[in-house]
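Chemist: To start, I am sharing the structure in question, which I have written as structure tokens.
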Amino acid sequence: MPGTTPQPTSATRTRSWWGWGWADAHPDDAECAAMGALIPGTLAHPLPVPRVRDLGVGRPAVEPPASLAHLVATGPEERAAHAMGKAYRDVARALRGRPGRIPDLVARPTDEREVADMLDWAGEREVAVVPYGGGSSVSGGVEYRGDAHRAVLSLDMTAMDRVLEVDAVGRAARIQAGTLGPSLEDQLRPHGLTLRHFPQSFEFSTLGGWLATRAGGHYATGRTHIDDFVQSLRVVTPAGTSASWRLPASGAGPSPDRLFLGSEGALGIITEAWVRLQARPTHKASASLAFTDFHAALAAVRAIAQSDLAPANCRLLDAGEAALSGASHDGSAVLVLGFESADAPVTARLGQAVELARSHGGRRGDVDGAETADTDAAVGAWRSAFLRMPYLRDGLARMGAVAETFETAATWDRIPGLIEAVRTEVGQAALKASGHPATVNCRLTHVYPDGAAPYFTVLAAGRPGDEVAFWDDLKAVASDVLHRHRATITHHHAVGRDHRPGYDRQRPDPFALALRAAKGALDPRGILNPGVLVD
Ligand SMILES: Cc1cc2nc3c(=O)[nH]c(=O)nc-3n(C[C@H](O)[C@H](O)[C@H](O)COP(=O)(O)OP(=O)(O)OC[C@H]3O[C@@H](n4cnc5c(N)ncnc54)[C@H](O)[C@@H]3O)c2cc1C
């Protein structure tokens, strides 16, 4: 229309090379300063937005092979954008001009043959291959550390981005690994189907990345992990291509798919998968409940998780987290509930869950019974904050503040003690290291009949110029607490390089032996994502 300003689209917008999401969505200097003022001890002015030209990116250590050169980028911008994931420590390193080793080449294969050719070439020349989906890793999964290889190739899968087949009868689709979340759902929509896997990073992460990290979706209890949706996988390894059969279930020995789910690029390149789909939900209802007593709220959540009500969303925000997201301002914890169905109205189930929560002391917020949309104010506030949070984290990082999250899972008997210990010990460690009190909030992002996944947010003044070491020290304290409480080192953020010490302590020794043997058999030259999972 004449006179209207064109809205930016994904075709016209630029991804940030150093931080989350779109470059144009980051808070400006004034917003950064306003946020920083809320955390005592942060910088007076924001650190400048980092520029690739200040990194002094050198020439690649190797030339791309002539036959594949048309798939390879060697420019500094592309290479810098593929050097790291999107954790706080990645953002902090970029802000200080120390992103670590920049890959020499960025390759974008368009089919499986090209993936195999890239691996052959890399194997012959001792070039490390780091698979790259959306690059949203928060555990050091897409960066190369060390210098044991001649060069580093970032294998960006996003040119393989199509839904290849839809089986409407069996409700499944064959999808290429480099498909980003929004495109995947856009391609399924005309079929009335959905994968319904929504990690917070949905917009900038791929099916292959979800599979390689065993990602956890939000708005989901029950079938939460991407593993639950996999029918079969194709994986290109230096030892050949693994293709499993499409099956609804199978008891034929250990599952080949399970070997590659969570393999984080260390065993092969996932090129495509058949995944189970669902009808798109048409009935929706949501509600929030406030709790004065967090322990009563924990009991309410457990009761709902152990009932057969099966909410689509059941997450508990402690008082700090509820205040941060705008879901509550009176010191209450908030339980967010959501129900969905493609077949039947859900208000009755929502009503039962609300009653269960009330019997544990929950005070009812607005219940939306419209069956079509979420209008509960607390639910809406939480959802917008949830999506905006990564941008705000990067704004706070520019103020020298640490704003980061970590997550775990444990059985119900351990949950109260675990949450208390993390809050206390991480809080004390931050105070000791920076001289300023830190905020350590908790929410339960995923709940199960037998346990829950607590997700912690840390907001603290960093040590100016030394933010990464400060965060690493806090994370080491947190990892020790998790280990003592027999809570997993990660529920859905993957192992990568950052969680290796915790993972190595957690996994049984015979399993480590088997994993090493698998790595040796599939990747005999040790070129695939060296440093993640297993050496
Ligand atoms: C703001 C934010 C929110 C997040 N929210 C969630 C969340 O809600 N749930 C969740 O589970 N995670 C979350 N994450 C973590 C991250 O998004 C997930 O680990 C995601 O699955 C990574 O997908 P990706 O496509 O970005 O993979 P990448 O980050 O590119 O890669 C992740 C790992 O998988 C490997 N890999 C990628 N593609 C392939 C492939 N085709 N074959 C073999 N290996 C491959 C990489 O080498 C790397 O080791 C979040 C991260 C951020 C920054």
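Quick note on naming: the chains in the structure tokens go A, B, ... in the order shown, residues restart at 1 in each chain, and ligands are numbered from 1 in order of appearance.
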Could you list, as a ChimeraX atom specification, every residue within 6 Å of stretch 197-213 of chain A, counting only C-alpha atoms and ignoring same-chain residues fewer than 5 positions away?
Modeler: /A:133-134,177-182,218,261-264,494
Chemist: Using only C-alpha atoms, can you tell me which of A:Asp147, A:Leu195, A:Gly326, A:Pro46 comes closest to A:Ala34?
Modeler: A:Pro46
Chemist: Give me the residues near A:Ala94 as a PyMOL selection string, where near means some atom within 10 Å (using only C-alpha atoms) and where sequence neighbours in that chain fewer than 3 positions away do not count.
Modeler: chain A and resi 17-19+49-52+55+80+83-84+88-91+97-100
Chemist: Per residue of stretch 239-333 of chain A within 12 Å of stretch 381-400 of chain A, what are the shortest atom pair and its distance in Å to one decimal, counting only C-alpha atoms, with rows by chain and residue number, as a tab-separated table?
Modeler:
residue	atom	partner	partner_atom	distance
A:Ser286	CA	A:Arg383	CA	11.9
A:Ala287	CA	A:Trp382	CA	11.7
A:Ser288	CA	A:Trp382	CA	10.2
A:Asn313	CA	A:Arg383	CA	11.5
A:Arg315	CA	A:Trp382	CA	10.5
A:Leu316	CA	A:Trp382	CA	10.9
A:Leu317	CA	A:Trp382	CA	9.3
A:Glu321	CA	A:Trp382	CA	9.4
A:Ala322	CA	A:Trp382	CA	7.7
A:Ala323	CA	A:Trp382	CA	9.6
A:Leu324	CA	A:Ala385	CA	8.2
A:Ser325	CA	A:Ala385	CA	5.2
A:Gly326	CA	A:Ala381	CA	5.6
A:Ala327	CA	A:Ala381	CA	5.6
A:Ser328	CA	A:Ala381	CA	9.2
A:His329	CA	A:Ala381	CA	11.7
Chemist: Using only C-alpha atoms, find the one residue out of A:Ser242, A:Ser136, A:Thr488, A:Thr282 that sits nearest to A:Glu112.
Modeler: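 Closest residue, counting only C-alpha atoms: A:Ser242.
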Chemist: Among stretch 194-254 of chain A, which residues carry a DSSP assignment of strand (DSSP E or B), reported as a CSV table (one decimal) with N, CA and C atoms, in the first residue's frame?
Modeler:
chain,number,residue,atom,x,y,z
A,194,THR,N,1.6,-31.0,12.1
A,194,THR,CA,2.6,-30.3,12.8
A,194,THR,C,3.6,-31.3,13.5
A,198,PHE,N,8.8,-27.3,19.9
A,198,PHE,CA,9.1,-25.9,20.0
A,198,PHE,C,10.1,-25.6,21.1
A,206,THR,N,17.6,-26.0,13.8
A,206,THR,CA,17.2,-26.9,12.7
A,206,THR,C,16.8,-28.3,13.3
A,216,GLY,N,14.8,-30.5,23.7
A,216,GLY,CA,13.5,-30.6,24.4
A,216,GLY,C,12.6,-29.4,24.0
A,218,HIS,N,9.2,-26.9,24.2
A,218,HIS,CA,8.4,-26.3,25.2
A,218,HIS,C,6.9,-26.5,24.8
A,225,HIS,N,10.9,-34.6,24.2
A,225,HIS,CA,12.2,-34.6,23.5
A,225,HIS,C,12.0,-35.0,22.0
A,230,VAL,N,11.0,-39.6,16.4
A,230,VAL,CA,11.8,-40.1,15.3
A,230,VAL,C,11.4,-41.5,14.9
A,231,GLN,N,11.1,-41.6,13.5
A,231,GLN,CA,10.8,-43.0,13.0
A,231,GLN,C,12.1,-43.6,12.4
A,232,SER,N,12.9,-42.8,11.7
A,232,SER,CA,14.1,-43.3,11.1
A,232,SER,C,15.1,-42.2,10.8
A,233,LEU,N,16.3,-42.5,10.6
A,233,LEU,CA,17.4,-41.5,10.4
A,233,LEU,C,18.3,-41.9,9.2
A,234,ARG,N,18.8,-40.9,8.5
A,234,ARG,CA,19.9,-41.2,7.6
A,234,ARG,C,21.1,-40.3,8.1
A,235,VAL,N,22.2,-41.0,8.2
A,235,VAL,CA,23.4,-40.4,8.8
A,235,VAL,C,24.6,-40.7,7.9
A,236,VAL,N,25.3,-39.7,7.4
A,236,VAL,CA,26.5,-39.9,6.6
A,236,VAL,C,27.7,-39.9,7.6
A,237,THR,N,28.5,-41.0,7.6
A,237,THR,CA,29.7,-41.1,8.4
A,237,THR,C,30.9,-41.4,7.5
A,240,GLY,N,30.6,-44.8,6.0
A,240,GLY,CA,29.4,-45.1,5.2
A,240,GLY,C,28.2,-44.5,5.7
A,241,THR,N,27.1,-44.7,4.9
A,241,THR,CA,25.8,-44.0,5.3
A,241,THR,C,24.9,-45.0,6.1
A,242,SER,N,24.5,-44.6,7.2
A,242,SER,CA,23.5,-45.4,8.0
A,242,SER,C,22.1,-45.0,7.7
A,243,ALA,N,21.3,-46.0,7.3
A,243,ALA,CA,19.9,-45.6,7.1
A,243,ALA,C,19.0,-46.7,7.8
Chemist: Go through A:Ile415, A:Ala409, A:Ala401, A:Ser16 and flag the residue nearest A:Cys32, using only C-alpha atoms for the distances.
Modeler: A:Ala401
Chemist: Ranking A:Ala297, A:Ala33, A:Leu522, A:Val354 by minimum distance to A:His45 and counting only C-alpha atoms, which one comes first?
Modeler: A:Ala33
Chemist: Identify, on the basis of only C-alpha atoms, every residue whose closest approach to A:Thr408 does not exceed 7 Å; exclude the query and any residue fewer than 6 positions from it along the same chain; express the result as a list in words.
Modeler: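 Returned residues: Ala453, Pro454, Tyr455, Ala487, Thr488, Ile489, Thr490 and His491 of chain A.
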Chemist: Can you tell me how far atom 53 (C, counted along the ligand's line) of ligand 1 sits from atom CA of A:Arg500, in Å to one decimal?
Modeler: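 Between atom 53 (C, counted along the ligand's line) of ligand 1 and atom CA of A:Arg500 the gap works out to 18.5 Å.
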Chemist: If you measure from atom CA of A:Arg443 to atom CA of A:Asp318, what distance in Å do you get, rounded to one decimal?
Modeler: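 If I compute the distance from atom CA of A:Arg443 to atom CA of A:Asp318, I get 5.8 Å.
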Chemist: Have a look at atom CA of A:Arg349 and atom CA of A:Val336 and let me know their distance in Å, one decimal.
Modeler: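 So the two atoms, atom CA of A:Arg349 and atom CA of A:Val336, lie 14.3 Å apart.
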Chemist: In terms of the shortest atom-to-atom distance over only C-alpha atoms and all ligand atoms, which of A:Glu143, A:Asp523, A:Asp257, A:Glu420 is closest to ligand 1?
Modeler: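 The answer is A:Glu143, which sits nearest to ligand 1.
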Chemist: Pick the closest to A:Val169 from A:Arg276, A:Arg108, A:His82, A:Arg223: which is it, counting only C-alpha atoms?
Modeler: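 For A:Val169, the nearest of the candidates is A:Arg276.
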